[in-house]
Amino acid sequence: MPFTYAMPMNMKWNSLPRSLGVAITAALALAVAIPAADAGNRRDEQDAARRAMLDGQVMPFSLIKRRVDAAVDGASYVGSEFNPSSNRYRLKYVKDGKVVWVDADGRTGDIIGMAR
């Protein structure tokens with residue numbers, strides 16, 4: 001009969017300190033919950049923007065973005081946010097390695113302000 005020099009090591013959760021097991025479980029739960037919550041908020045924001053556009057309260061986003069694109073001259077578009085209480089968009093661009101935030105009125109498409 002052959003003799004084995006190594007024995008398999010089966011690590012069990014019971015061998016970990018209880019506090020480490022709890023910390024690992026909490027970290028995994030948090031890692032799963034945060035993206036799901038953020039996705040829900042983003043979806044609500046998109047739904048509010050669409051409802052406002054269909055109700056005639058704001059211009060279509062594509063028209064607003066086209067106006068802002070012309071004003072930031074060559075900056076790369078990163079993303080946007082919609083504030084349903086004020087019907088304003090905040091668009092994010094990057095130009096020359098710097099972030100540029102542009103606020104636009106959703107009703108008129110006019111640029112309200114820019115910040116770096």
# chains A, B, ... in the order shown; residues from 1 in each chain; ligands from 1

call {"tool": "residues_around", "arguments": {"residues": "region 56-71 of chain A", "least_positions_apart": "6", "cutoff": "10 Å", "atoms": "only C-alpha atoms", "output": "MDAnalysis selection string"}}
result
chainID A and resid 49:50 77 80 82 84 87:89 91 93 102:111

call {"tool": "atom_distance", "arguments": {"atom1": "CA of Trp101 (chain A)", "atom2": "CA of Ser86 (chain A)"}}
result
16.8 Å

call {"tool": "residues_around", "arguments": {"residues": "Val100 (chain A)", "least_positions_apart": "5", "cutoff": "8 Å", "atoms": "only C-alpha atoms", "output": "ChimeraX atom specification"}}
result
/A:92-95,114-116

call {"tool": "closest_residue", "arguments": {"among": "A:Ala48, A:Ala75, A:Asp55, A:Arg43", "to": "Val99 (chain A)", "atoms": "only C-alpha atoms"}}
result
A:Ala75
